[in-house]
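Colleague: Have a look at this one.
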Amino acid sequence: MTNALVENYFRVDKLPHIWCPGCGHGILMRSIAKAIENLGLDKDKVCIVSGIGCSSRAPGYMDFNTLHTTHGRALAFATGVKMARPELEVIVITGDGDASAIGGNHLIHAARRNINITTIVFNNNIYGMTGGQYSPATPTGDLGTTAPYGNIDRPFDIPKLAAAAGATYVGRATAYHANLLTKLVENGIQNKGFSLIEGLSVCPTYYGRKNKKGTVVDIMKWQKETAVDTKVAAKLSPEQLEGKFLIGELKNEAEPEYTEEYQKIIDRFVKER
Amino acid sequence: MKKNNIKLMQGNEACVEGALAAGMRFYGGYPITPSTEIAEGSAQKLPKVGGKFIQMEDEIAGMAATIGAALTGVKAMTATSGPGFSLKQENIGYAAIAEIPCVIVNVQRHGPSTGLPTSPSQGDVMQAKWGTHGDHPVIAISPSSVKEAFDLTVRCFNLAEKYRTPVILLLDEIVGHMREGIAIPDPSELEIIDRKKPSKDDKNYLAYKVEEGEIVPAMAGFGDGHRYHVTGLVHDESGFPTNSNEIADVLCTRIMKKVEDHVDDIVAYEEFHMEDAEVVVLSYGGTARSAKSAVKKAREKGLKVGMFRPITIWPFPEKQVKEFAKNVKGIIVAELNYGQLVLEVERVVKGSADIFHIGKVDGEIITPNEILSKIEEVI
């Protein structure tokens, strides 16, 4: 079974992927490829960068210029790529631990600079690759192999973090809301500045099993029933929003873009020459 | 060379000039004493030649951005000092396995940890070789003068491009902050090496395949039309990860061999009064200046003393040291640390000459008189 999206945008000979049965990452990865297809981007001019972890294996399957870096550092490598060659469309795929624990500093500074990079965080609420340790996105009270008595940490709201740090386009979708994710990624790529889109994934093997979240279908049903689109949320009371989380566009503002600002400095000297 | 071409500058400034002359068009770094002038000079000069400078959020990011930029086809550099050099190590290893050409300048200062931030040291010699985990090739070069800071920065870029590997310029605070008059050579006088790229229409390009007669794989720039994969995982010729032990062996051996097999091309050294020397002072970087002065004084006293100065620290000039060691009574290794390169000398010499060490960890330089006293004691 093949389809045009897979044929055109994936390295078919590298599939099947390494993710567990039921993992949400494949859906999120597909949504990104779909967004690139919808925008008609030149594959030679797209660079996808990742760090380390389950999410970070995605670029290997995708037929672009792909860079699988060190843990947490995807955005720092991506910043070098984008600065040196701004005509490249630079997309970062990262996980919750990769982006907000070991890579947290790079995340807030890439957002602060408003450099034109689109970051998609595959949030599975856990360190999956290493076998289920709690991450900065594990809800308080939940279990991980390193939180055997319940997680006492408070989790990050990663889109809020990025928005507060200066990202100009921020959104959230889930593995269930794959079409929404595609749309948000499209918008993020088109945004001239730093964009962050969180894709809530499904980890049935570690997070789901440890925390008795049921089957993959149960988890996706939970995503469907608990997520509230920002447009709908605007009409709801705080009581009605209790226990829900927001999806959709969370921030969309225009600010000067970093590589363009640097180019202005270069242009000053070109005029002098 | 016209006399008015001569400029008074610091080693750190000469390093920036050398980098620009070599074709540096990207600098990603983080300020740290005593290397900051390299960031400042790069920030000032790069946009004037259409290059890019970025001050990253930390040392790790500086190294990462440098590698990312190098992947798009530009020549990229970062500079740091001890604590920052420690932080950069993981990504230096990444550049080694992914074979990304780039230059890392480490202006050595006293340590460990924050140590004496403004005082010189040569305490990162072993870290330059073993700092990142796993076996990997290392090229590290140590200048002794401001002129050499220029020349050897050019050489670092050339070696990085030729061997597709990170190259370390092991400066020290002495040379980094010392001012000397130097004549910046005309660009036409310089040999500049650029990485080999695959032809644009090569449809069968394998990012990590070494073509017949080549030392390293041709390197396409991201965005040039060859879509390929780069990873820090063990990878095959296509660049994609594999768990094959056989391929791991091929890759890890190949990256070691590309340097090991070309030691004669890479190694540089200076010999001073070595012809009849009975005792040799082996020293490098800023300390070699004191060593040379001590040897001159010893010669004035009629003592048969020479100096051997490794310019390339790694790979170590093993063959040369082994050779002269056969004909001398003693070797005095003078270095600004507790005893690092002396271990390499001992390994190489294997007892064929007596080895003495002069080291210091108090943040002061080793003076010519201290070396002279040792010479007189040993000879």
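Every chain in the structure tokens has a letter given in the order shown (A, B, ...), and although residue numbers restart at 1 in each chain, ligands are simply numbered from 1 in the order shown.
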Just the residues within 12 Å of Glu13 (chain B), please, counting only C-alpha atoms, with nothing from its chain fewer than 5 positions along; format it as a ChimeraX atom specification.
Modeller: /B:7-8,18-20,34-45,79,145-150,153,175-182,184
Colleague: Take the residues from that selection and write them out as a CSV table (one decimal), in the first residue's frame, keeping N, CA and C atoms.
Modeller:
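To be explicit, this is the file written out as again_26.csv:
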chain,number,residue,atom,x,y,z
B,7,LYS,N,51.2,45.6,11.6
B,7,LYS,CA,50.2,46.0,12.6
B,7,LYS,C,50.6,45.4,13.9
B,8,LEU,N,50.3,46.2,14.9
B,8,LEU,CA,50.5,45.7,16.3
B,8,LEU,C,49.1,45.0,16.7
B,18,GLY,N,43.3,35.7,10.6
B,18,GLY,CA,43.6,34.4,10.0
B,18,GLY,C,42.4,33.7,9.5
B,19,ALA,N,41.4,33.6,10.4
B,19,ALA,CA,40.1,32.9,10.1
B,19,ALA,C,39.5,33.6,8.9
B,20,LEU,N,39.4,34.9,8.9
B,20,LEU,CA,38.8,35.6,7.7
B,20,LEU,C,39.6,35.3,6.4
B,34,PRO,N,39.9,34.1,28.5
B,34,PRO,CA,40.5,35.1,27.8
B,34,PRO,C,40.4,35.0,26.3
B,35,SER,N,39.2,34.6,25.8
B,35,SER,CA,39.1,34.4,24.3
B,35,SER,C,38.2,35.5,23.7
B,36,THR,N,37.6,36.3,24.5
B,36,THR,CA,36.5,37.2,24.1
B,36,THR,C,36.8,38.0,22.9
B,37,GLU,N,38.1,38.5,22.7
B,37,GLU,CA,38.4,39.3,21.6
B,37,GLU,C,38.2,38.6,20.3
B,38,ILE,N,38.2,37.3,20.3
B,38,ILE,CA,38.0,36.6,19.0
B,38,ILE,C,36.5,36.7,18.6
B,39,ALA,N,35.6,36.6,19.6
B,39,ALA,CA,34.2,36.9,19.4
B,39,ALA,C,33.9,38.3,18.9
B,40,GLU,N,34.5,39.2,19.6
B,40,GLU,CA,34.3,40.7,19.3
B,40,GLU,C,34.8,41.0,17.9
B,41,GLY,N,36.0,40.5,17.6
B,41,GLY,CA,36.6,40.8,16.3
B,41,GLY,C,35.7,40.2,15.2
B,42,SER,N,35.2,39.0,15.4
B,42,SER,CA,34.4,38.3,14.4
B,42,SER,C,33.1,39.0,14.3
B,43,ALA,N,32.5,39.5,15.4
B,43,ALA,CA,31.2,40.3,15.3
B,43,ALA,C,31.4,41.5,14.5
B,44,GLN,N,32.6,42.1,14.6
B,44,GLN,CA,32.8,43.4,13.9
B,44,GLN,C,33.1,43.2,12.4
B,45,LYS,N,33.8,42.1,12.1
B,45,LYS,CA,34.3,42.0,10.8
B,45,LYS,C,33.5,41.1,9.9
B,79,ALA,N,35.1,30.1,19.4
B,79,ALA,CA,36.3,30.2,20.2
B,79,ALA,C,35.8,30.2,21.7
B,145,SER,N,53.4,32.5,18.7
B,145,SER,CA,53.5,33.9,18.4
B,145,SER,C,52.3,34.5,17.8
B,146,VAL,N,52.2,35.8,17.7
B,146,VAL,CA,51.0,36.4,17.1
B,146,VAL,C,50.9,36.1,15.6
B,147,LYS,N,52.1,36.1,15.0
B,147,LYS,CA,52.2,35.7,13.6
B,147,LYS,C,51.7,34.3,13.4
B,148,GLU,N,52.1,33.4,14.3
B,148,GLU,CA,51.7,32.0,14.1
B,148,GLU,C,50.2,31.9,14.4
B,149,ALA,N,49.6,32.8,15.3
B,149,ALA,CA,48.2,32.7,15.6
B,149,ALA,C,47.4,32.9,14.3
B,150,PHE,N,48.0,33.8,13.4
B,150,PHE,CA,47.4,34.0,12.1
B,150,PHE,C,47.6,32.8,11.2
B,153,THR,N,45.8,29.6,12.3
B,153,THR,CA,44.4,29.6,12.2
B,153,THR,C,44.0,29.2,10.7
B,175,VAL,N,49.8,33.8,24.5
B,175,VAL,CA,49.9,34.2,23.1
B,175,VAL,C,48.6,35.0,22.7
B,176,GLY,N,47.5,34.6,23.3
B,176,GLY,CA,46.2,35.2,23.0
B,176,GLY,C,46.2,36.7,23.3
B,177,HIS,N,46.8,37.0,24.4
B,177,HIS,CA,46.8,38.4,24.8
B,177,HIS,C,48.1,39.2,24.6
B,178,MET,N,49.1,38.5,24.1
B,178,MET,CA,50.3,39.2,23.8
B,178,MET,C,50.2,40.0,22.5
B,179,ARG,N,50.9,41.2,22.5
B,179,ARG,CA,50.9,42.0,21.3
B,179,ARG,C,52.2,41.9,20.6
B,180,GLU,N,52.2,41.7,19.3
B,180,GLU,CA,53.4,41.8,18.5
B,180,GLU,C,53.1,42.4,17.2
B,181,GLY,N,54.1,42.9,16.5
B,181,GLY,CA,53.9,43.4,15.2
B,181,GLY,C,53.8,42.3,14.2
B,182,ILE,N,52.7,42.3,13.4
B,182,ILE,CA,52.7,41.3,12.3
B,182,ILE,C,52.3,41.9,11.0
B,184,ILE,N,50.2,41.2,7.9
B,184,ILE,CA,49.2,40.3,7.4
B,184,ILE,C,49.5,40.0,5.9
Colleague: List the neighbours of Ile36 (chain A) out to 12 Å using only C-alpha atoms; skip same-chain residues closer than 3 positions along the sequence, and give me the result as an NGL selection string.
Modeller: :A and (5 or 8-10 or 29-33 or 39-43 or 45-48 or 62-64 or 89-91 or 118 or 182-190)
Colleague: Name all residues at most 9 Å from region 247-254 of chain B (count only C-alpha atoms; drop same-chain ones fewer than 6 positions away) and give them as a list in words.
Modeller: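 Near neighbours after the sequence-gap exclusion: Ile97, Asp135, His136, Val216, Val234, His235, Asp236 and Glu237 of chain B.
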Colleague: Name the closest residue to Ile266 (chain A) among the candidates B:Val138, B:Ala220, B:Val49, B:Leu116; distances are taken between atoms, counting only C-alpha atoms.
Modeller: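 Nearest candidate to Ile266 (chain A) out of B:Val138, B:Ala220, B:Val49, B:Leu116: B:Val49.
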Colleague: What residues in chain B have any atom no more than 10 Å from chain A when counting only C-alpha atoms, and can you write them as a ChimeraX atom specification?
Modeller: /B:25-28,46-54,56-58,60-76,90-91,93-95,98,221-233,239-241
Colleague: Quick one: residues within 12 Å of Gln240 (chain A), only C-alpha atoms counted, chain neighbours fewer than 6 positions away excluded, as a PDB file with N, CA and C atoms, in the first residue's frame?
Modeller:
ATOM      1  N   THR A 226     -11.148  15.890  25.702  1.00  0.00           N
ATOM      2  CA  THR A 226     -10.603  16.851  26.666  1.00  0.00           C
ATOM      3  C   THR A 226     -10.099  18.125  26.002  1.00  0.00           C
ATOM      4  N   VAL A 228     -10.108  21.439  23.862  1.00  0.00           N
ATOM      5  CA  VAL A 228     -11.081  22.460  23.472  1.00  0.00           C
ATOM      6  C   VAL A 228     -10.376  23.455  22.564  1.00  0.00           C
ATOM      7  N   VAL A 232     -13.597  27.906  20.508  1.00  0.00           N
ATOM      8  CA  VAL A 232     -14.728  27.461  21.337  1.00  0.00           C
ATOM      9  C   VAL A 232     -14.525  27.917  22.780  1.00  0.00           C
ATOM     10  N   ALA A 233     -13.304  27.795  23.246  1.00  0.00           N
ATOM     11  CA  ALA A 233     -12.986  28.109  24.641  1.00  0.00           C
ATOM     12  C   ALA A 233     -13.341  29.549  25.000  1.00  0.00           C
ATOM     13  N   ALA A 234     -13.234  30.425  24.026  1.00  0.00           N
ATOM     14  CA  ALA A 234     -13.533  31.842  24.266  1.00  0.00           C
ATOM     15  C   ALA A 234     -14.965  32.042  24.755  1.00  0.00           C
TER      16      ALA A 234
END
Colleague: Can you list, as a ChimeraX atom specification, every protein, DNA or RNA residue that comes within 7 Å of Asn252 (chain A) when you count only C-alpha atoms, leaving out same-chain residues fewer than 5 positions away?
Modeller: /A:168-170
Colleague: Leaving out region 127-129 of chain B and any residue of its chain fewer than 2 positions from it, which residues lie within 9 Å of it when counting only C-alpha atoms, given as a VMD selection string?
Modeller: chain B and resid 85 to 86 89 106 123 to 125 131 to 132 136 to 140 168 170 314 to 315
Colleague: Give me, as a ChimeraX atom specification, the residues of region 172-263 of chain A that a backbone DSSP run labels helix (DSSP H, G or I).
Modeller: /A:178-190,204-210,216-226,230-233,258-263
Colleague: Suppose we keep N, CA and C atoms; can you now write the selection as a compact mmCIF listing (two decimals), in the first residue's frame?
Modeller:
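The result, written out as result-v8.txt:
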# COMPACT_ATOMS: atom_id res chain seq x y z
N ALA A 178 -5.20 15.47 13.85
CA ALA A 178 -4.08 15.50 12.89
C ALA A 178 -4.25 16.59 11.83
N ASN A 179 -5.48 16.80 11.39
CA ASN A 179 -5.69 17.83 10.35
C ASN A 179 -5.44 19.23 10.91
N LEU A 180 -5.83 19.43 12.15
CA LEU A 180 -5.55 20.71 12.80
C LEU A 180 -4.03 20.91 12.89
N LEU A 181 -3.34 19.83 13.24
CA LEU A 181 -1.87 19.93 13.36
C LEU A 181 -1.27 20.35 12.01
N THR A 182 -1.74 19.74 10.95
CA THR A 182 -1.25 20.11 9.62
C THR A 182 -1.43 21.60 9.37
N LYS A 183 -2.62 22.07 9.69
CA LYS A 183 -2.92 23.50 9.46
C LYS A 183 -2.01 24.39 10.30
N LEU A 184 -1.81 24.02 11.55
CA LEU A 184 -0.95 24.82 12.44
C LEU A 184 0.50 24.82 11.95
N VAL A 185 0.96 23.66 11.47
CA VAL A 185 2.34 23.59 10.96
C VAL A 185 2.46 24.46 9.71
N GLU A 186 1.47 24.41 8.85
CA GLU A 186 1.47 25.29 7.67
C GLU A 186 1.60 26.76 8.10
N ASN A 187 0.76 27.15 9.04
CA ASN A 187 0.81 28.53 9.53
C ASN A 187 2.15 28.86 10.15
N GLY A 188 2.68 27.89 10.90
CA GLY A 188 3.97 28.09 11.55
C GLY A 188 5.07 28.30 10.52
N ILE A 189 5.06 27.49 9.48
CA ILE A 189 6.09 27.62 8.43
C ILE A 189 5.94 28.98 7.74
N GLN A 190 4.70 29.40 7.54
CA GLN A 190 4.49 30.68 6.85
C GLN A 190 4.77 31.88 7.74
N PRO A 204 1.58 4.55 24.35
CA PRO A 204 0.91 3.45 25.05
C PRO A 204 1.90 2.56 25.80
N THR A 205 3.15 2.49 25.30
CA THR A 205 4.12 1.54 25.86
C THR A 205 4.59 1.94 27.26
N TYR A 206 4.89 3.23 27.44
CA TYR A 206 5.42 3.65 28.74
C TYR A 206 4.44 4.53 29.53
N TYR A 207 4.16 5.74 28.99
CA TYR A 207 3.31 6.64 29.76
C TYR A 207 1.92 6.04 29.98
N GLY A 208 1.34 5.55 28.91
CA GLY A 208 -0.02 4.99 29.00
C GLY A 208 -0.10 3.78 29.90
N ARG A 209 0.86 2.87 29.75
CA ARG A 209 0.82 1.62 30.51
C ARG A 209 1.10 1.89 31.99
N LYS A 210 2.14 2.69 32.26
CA LYS A 210 2.49 3.03 33.64
C LYS A 210 1.33 3.68 34.38
N VAL A 216 -4.69 2.51 23.12
CA VAL A 216 -4.42 3.68 22.28
C VAL A 216 -5.73 4.39 21.95
N VAL A 217 -6.74 3.59 21.65
CA VAL A 217 -8.04 4.18 21.30
C VAL A 217 -8.60 4.97 22.48
N ASP A 218 -8.44 4.42 23.69
CA ASP A 218 -8.90 5.13 24.89
C ASP A 218 -8.19 6.48 25.03
N ILE A 219 -6.87 6.44 24.79
CA ILE A 219 -6.09 7.68 24.96
C ILE A 219 -6.51 8.72 23.91
N MET A 220 -6.73 8.25 22.68
CA MET A 220 -7.12 9.19 21.63
C MET A 220 -8.53 9.73 21.87
N LYS A 221 -9.38 8.90 22.43
CA LYS A 221 -10.72 9.38 22.81
C LYS A 221 -10.61 10.46 23.87
N TRP A 222 -9.70 10.23 24.80
CA TRP A 222 -9.46 11.23 25.86
C TRP A 222 -8.99 12.55 25.22
N GLN A 223 -8.09 12.45 24.24
CA GLN A 223 -7.61 13.66 23.54
C GLN A 223 -8.79 14.38 22.89
N LYS A 224 -9.64 13.60 22.24
CA LYS A 224 -10.78 14.17 21.53
C LYS A 224 -11.71 14.89 22.50
N GLU A 225 -11.97 14.23 23.64
CA GLU A 225 -12.98 14.76 24.57
C GLU A 225 -12.46 15.86 25.49
N THR A 226 -11.15 15.89 25.70
CA THR A 226 -10.60 16.85 26.67
C THR A 226 -10.10 18.13 26.00
N THR A 230 -9.39 26.84 20.84
CA THR A 230 -9.36 28.19 21.42
C THR A 230 -10.60 29.00 21.02
N LYS A 231 -11.08 28.76 19.80
CA LYS A 231 -12.26 29.53 19.34
C LYS A 231 -13.48 29.19 20.18
N VAL A 232 -13.60 27.91 20.51
CA VAL A 232 -14.73 27.46 21.34
C VAL A 232 -14.53 27.92 22.78
N ALA A 233 -13.30 27.80 23.25
CA ALA A 233 -12.99 28.11 24.64
C ALA A 233 -13.34 29.55 25.00
N TYR A 258 14.83 37.47 12.99
CA TYR A 258 16.25 37.58 13.31
C TYR A 258 17.19 37.62 12.10
N THR A 259 17.04 36.67 11.17
CA THR A 259 18.00 36.63 10.04
C THR A 259 17.81 37.84 9.13
N GLU A 260 16.58 38.35 9.05
CA GLU A 260 16.34 39.56 8.26
C GLU A 260 17.01 40.78 8.90
N GLU A 261 16.96 40.82 10.22
CA GLU A 261 17.60 41.93 10.93
C GLU A 261 19.12 41.87 10.73
N TYR A 262 19.66 40.65 10.74
CA TYR A 262 21.11 40.53 10.52
C TYR A 262 21.47 40.93 9.09
N GLN A 263 20.62 40.54 8.16
CA GLN A 263 20.87 40.89 6.76
C GLN A 263 20.93 42.41 6.57
Colleague: Give me, please, the distance in Å between CA of Ile332 (chain B) and CA of His357 (chain B), quoted to one decimal.
Modeller: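 Computed distance, CA of Ile332 (chain B) to CA of His357 (chain B), equals 5.5 Å.
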Colleague: Mind listing the strand (DSSP E) residues of region 75-267 of chain A, per DSSP on the backbone, as a ChimeraX atom specification?
Modeller: /A:89-95,117-123,169-174,195-200,227-229,245-252
Colleague: Do a neighbour search on Gly97 (chain A) at 10 Å with only C-alpha atoms, toss out local chain neighbours closer than 4 positions, and write the hits as a list in words.
Modeller: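 Here the qualifying residues turn out to be Ile52, Gly53, His71, Gly72, Ala101, Ile102, Gly103, Gly104, Val121, Phe122, Asn123, Asn124, Asn125, Ile126, Tyr127, Gly128, Gln133, Tyr134, Ser135, Pro136, Ala137 and Thr138 of chain A.
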Colleague: Would you mind telling me which residue in B:Ser81, B:Thr165, B:Ser352, B:Ser144 lies nearest to Ser113 (chain B) when using only C-alpha atoms?
Modeller: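 Nearest to Ser113 (chain B): B:Ser81.
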Colleague: Which residue is closest to Leu28 (chain A)? Choose from A:Val92, A:Ile117, A:Leu200, A:Met129 and count only C-alpha atoms.
Modeller: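 The answer is A:Leu200, which sits nearest to Leu28 (chain A).
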Colleague: Take CA of Lys319 (chain B) and CA of Tyr284 (chain B) and report the distance between them in Å, one decimal.
Modeller: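 Between CA of Lys319 (chain B) and CA of Tyr284 (chain B) the gap is 17.0 Å.
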